[in-house]
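Below you'll find the structure, written out as structure tokens, and then a few comments.
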Amino acid sequence: MTQMHPSQVGVRRYLPKILGRDVRLKLQIKLALLLFAVLLMSPDADLTFAAIAETEEHALSQKAVEIARPFGFPITNSMVVSWIVAVGLIIFARVATRDMKGVPAGAQNFLEWLVGGLYDFLESIIGPRLVKRTFWFLATVFIFILSANWVGLIPGAGTIGWGHQTPNGFVVDQPFFRGANADLNLTLAMALVFFACWIIWALQEVGPVGFLKELFAPKGESTGFLKVLMIVAFFAAGWLEVISILFRPVSLSFRLYGNIFAGENMLETMSRIIPGLGWLLPIPFYFMELLVGLVQALVFMLLCAVFTLLMCPPEGKGSTSAHG
């Protein structure tokens, strides 16, 4: 009797398993094709693909929609929401501070709690001296971004406006309202305002010479050839830091815009994916977007605070002549 090679034994042992797996794979492919054919021949197939095509066709646009142009000045739906939020915050601040009391209550109590909590939180990060200089901007931008994010989730934003009737219902082509931070113009404007304030704060804290030293001067103690090497290395790293600083407004604006736009796009898609259930499917995602709105406002404020702290020296190490 001829002795079989070990490789032949292995082939004979595993061949039935391989063939069985191949047969199962072919069977699964045939079943999938059969189900797809049934879907195509079903009476609701046209409705299903029409709903999908409708969803893709009427997805949320990447830029805000112009809804009016009085005297040649374009007004977009994101601008309307940003104005509503700004006016609402101004009115709330006026109401809360109109009759200040020693024992706060109502709107005054909430405003003091919010401002005091933000002040203590930022003071623990950037220090008491720097928070006095920057708190007005950091607190304002946090409250505005958070309010704009949450106002954009109110029912009616993105669903009230001009549109047309379709077999699956009325489709809004030009909504009157859109999340303010879902417009890159607003997020970039806030980032550029911070960039200008950051330069002013840095110059006030360390002065022009200290500003250049923070960028290009070598850190630490060294002598001889090592000192020369450190000077060259930190000078080259300083130019990389300059490039990083110039890109900060871009990263700040795109991070906030991308997250808010993605959330609104998801809600838009969920409201159109199944005709007749557009009121139900987005509800669970609203709770997630409430959290995302808070997190993104907090991230924008913290990044601004950290960027400022990186340039300005810690407490007790700055020049006293630069403090104002």
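Ligands are numbered from 1 in the order shown, chains are lettered A, B, ... in the order of the structure tokens, and residues start at 1 in each chain.
Within segment 106-165 of chain A, residues classed as strand (DSSP E) by DSSP on backbone coordinates are Gly161, Trp162, Gly163, His164 and Gln165 of chain A.
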Test item: residues at most 12 Å from segment 214-230 of chain A, only C-alpha atoms, excluding those fewer than 4 positions along its chain, as an MDAnalysis selection string: chainID A and resid 202:203 205:210 234:245 309:313 318
Please write the residues from the selection above to a file, keeping C-alpha atoms, as a PDB file, in the first residue's frame.
```pdb
ATOM      1  CA  ALA A 202       0.297  88.033  23.974  1.00  0.00           C
ATOM      2  CA  LEU A 203       1.829  91.439  23.277  1.00  0.00           C
ATOM      3  CA  GLU A 205       1.564  89.973  28.570  1.00  0.00           C
ATOM      4  CA  VAL A 206       5.111  89.511  27.280  1.00  0.00           C
ATOM      5  CA  GLY A 207       5.723  92.466  24.956  1.00  0.00           C
ATOM      6  CA  PRO A 208       7.086  92.336  21.384  1.00  0.00           C
ATOM      7  CA  VAL A 209      10.525  91.081  22.459  1.00  0.00           C
ATOM      8  CA  GLY A 210       9.070  88.438  24.738  1.00  0.00           C
ATOM      9  CA  PHE A 234      14.689  76.347  18.384  1.00  0.00           C
ATOM     10  CA  PHE A 235      14.891  78.895  15.565  1.00  0.00           C
ATOM     11  CA  ALA A 236      13.759  76.240  13.081  1.00  0.00           C
ATOM     12  CA  ALA A 237      11.079  75.006  15.498  1.00  0.00           C
ATOM     13  CA  GLY A 238       9.906  78.593  15.894  1.00  0.00           C
ATOM     14  CA  TRP A 239       9.005  78.810  12.210  1.00  0.00           C
ATOM     15  CA  LEU A 240       7.051  75.582  12.544  1.00  0.00           C
ATOM     16  CA  GLU A 241       5.246  77.162  15.476  1.00  0.00           C
ATOM     17  CA  VAL A 242       4.444  80.211  13.339  1.00  0.00           C
ATOM     18  CA  ILE A 243       2.871  77.944  10.721  1.00  0.00           C
ATOM     19  CA  SER A 244       0.926  76.153  13.458  1.00  0.00           C
ATOM     20  CA  ILE A 245      -0.332  79.486  14.822  1.00  0.00           C
ATOM     21  CA  LEU A 309      -1.689  80.037  27.872  1.00  0.00           C
ATOM     22  CA  LEU A 310       0.944  78.537  25.550  1.00  0.00           C
ATOM     23  CA  MET A 311       2.139  81.991  24.544  1.00  0.00           C
ATOM     24  CA  CYS A 312       1.762  83.822  27.852  1.00  0.00           C
ATOM     25  CA  PRO A 313       4.073  82.797  30.721  1.00  0.00           C
ATOM     26  CA  GLY A 318       6.304  87.139  33.186  1.00  0.00           C
TER      27      GLY A 318
END
```
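One finds atom CA of Cys197 of chain A at 28.9 Å from atom CA of Ala233 of chain A.
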Just the residues within 9 Å of Phe254 of chain A, please, counting only C-alpha atoms, with nothing from its chain fewer than 4 positions along; format it as a PyMOL selection string. chain A and resi 184+187-188+249-250+258-259
Print the selection's residues with N, CA, C and O atoms to a file, as a PDB file, in the first residue's frame.
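Listed below is the output, part.pdb:
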```pdb
ATOM      1  N   LEU A 184     -19.894  78.021   7.743  1.00  0.00           N
ATOM      2  CA  LEU A 184     -18.448  78.198   7.945  1.00  0.00           C
ATOM      3  C   LEU A 184     -18.078  79.661   8.109  1.00  0.00           C
ATOM      4  O   LEU A 184     -17.074  79.978   8.754  1.00  0.00           O
ATOM      5  N   THR A 187     -18.221  80.481  11.968  1.00  0.00           N
ATOM      6  CA  THR A 187     -17.158  79.850  12.750  1.00  0.00           C
ATOM      7  C   THR A 187     -15.788  80.435  12.408  1.00  0.00           C
ATOM      8  O   THR A 187     -14.948  80.624  13.297  1.00  0.00           O
ATOM      9  N   LEU A 188     -15.555  80.732  11.129  1.00  0.00           N
ATOM     10  CA  LEU A 188     -14.283  81.342  10.742  1.00  0.00           C
ATOM     11  C   LEU A 188     -14.170  82.757  11.295  1.00  0.00           C
ATOM     12  O   LEU A 188     -13.083  83.179  11.720  1.00  0.00           O
ATOM     13  N   PRO A 249      -6.765  79.350  13.365  1.00  0.00           N
ATOM     14  CA  PRO A 249      -8.129  79.762  13.005  1.00  0.00           C
ATOM     15  C   PRO A 249      -8.820  78.762  12.083  1.00  0.00           C
ATOM     16  O   PRO A 249     -10.038  78.549  12.196  1.00  0.00           O
ATOM     17  N   VAL A 250      -8.062  78.142  11.181  1.00  0.00           N
ATOM     18  CA  VAL A 250      -8.657  77.158  10.271  1.00  0.00           C
ATOM     19  C   VAL A 250      -9.127  75.935  11.039  1.00  0.00           C
ATOM     20  O   VAL A 250     -10.245  75.446  10.859  1.00  0.00           O
ATOM     21  N   GLY A 258     -17.696  71.505  11.135  1.00  0.00           N
ATOM     22  CA  GLY A 258     -17.852  70.122  10.697  1.00  0.00           C
ATOM     23  C   GLY A 258     -18.748  69.316  11.619  1.00  0.00           C
ATOM     24  O   GLY A 258     -19.598  68.551  11.162  1.00  0.00           O
ATOM     25  N   ASN A 259     -18.597  69.497  12.935  1.00  0.00           N
ATOM     26  CA  ASN A 259     -19.411  68.733  13.873  1.00  0.00           C
ATOM     27  C   ASN A 259     -20.870  69.162  13.844  1.00  0.00           C
ATOM     28  O   ASN A 259     -21.774  68.313  13.871  1.00  0.00           O
TER      29      ASN A 259
END
```
As JSON, numbers by chain, please: the residues near segment 281-285 of chain A (cut-off 12 Å, only C-alpha atoms, same-chain neighbours under 6 positions excluded). {"A": [153, 154, 155, 262, 263, 264, 265, 266, 267, 268, 269, 270, 271, 272, 273, 274, 275, 291, 292]}
Can you work out the spacing between atom CA of Ala86 of chain A and atom CA of Thr140 of chain A in Å, to one decimal? 10.5 Å
Spatial neighbours of Leu298 of chain A, max dist 12 Å, only C-alpha atoms, sep filter under 6 positions, as a list in words: Leu118, Phe121, Leu122, Leu138, Ala139, Thr140, Val141, Phe142, Ile143, Phe144, Ile145, Leu146, Ser147, Asn149, Leu256, Leu291, Val292, Cys304 and Ala305 of chain A
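Distance annotation: of A:Ser253, A:Thr308, A:Thr97, A:Asn185, the residue with the minimal separation from Ser82 of chain A is A:Asn185; atom set is only C-alpha atoms.
Each of A:Trp150, A:Phe261, A:Tyr286, A:Phe137 was checked against Val193 of chain A using only C-alpha atoms; the smallest atom-to-atom distance is that of A:Phe137.
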Residues flagged helix (DSSP H, G or I) by DSSP in segment 178-316 of chain A, as a PyMOL selection string: chain A and resi 180-182+184-216+224-272+283-311
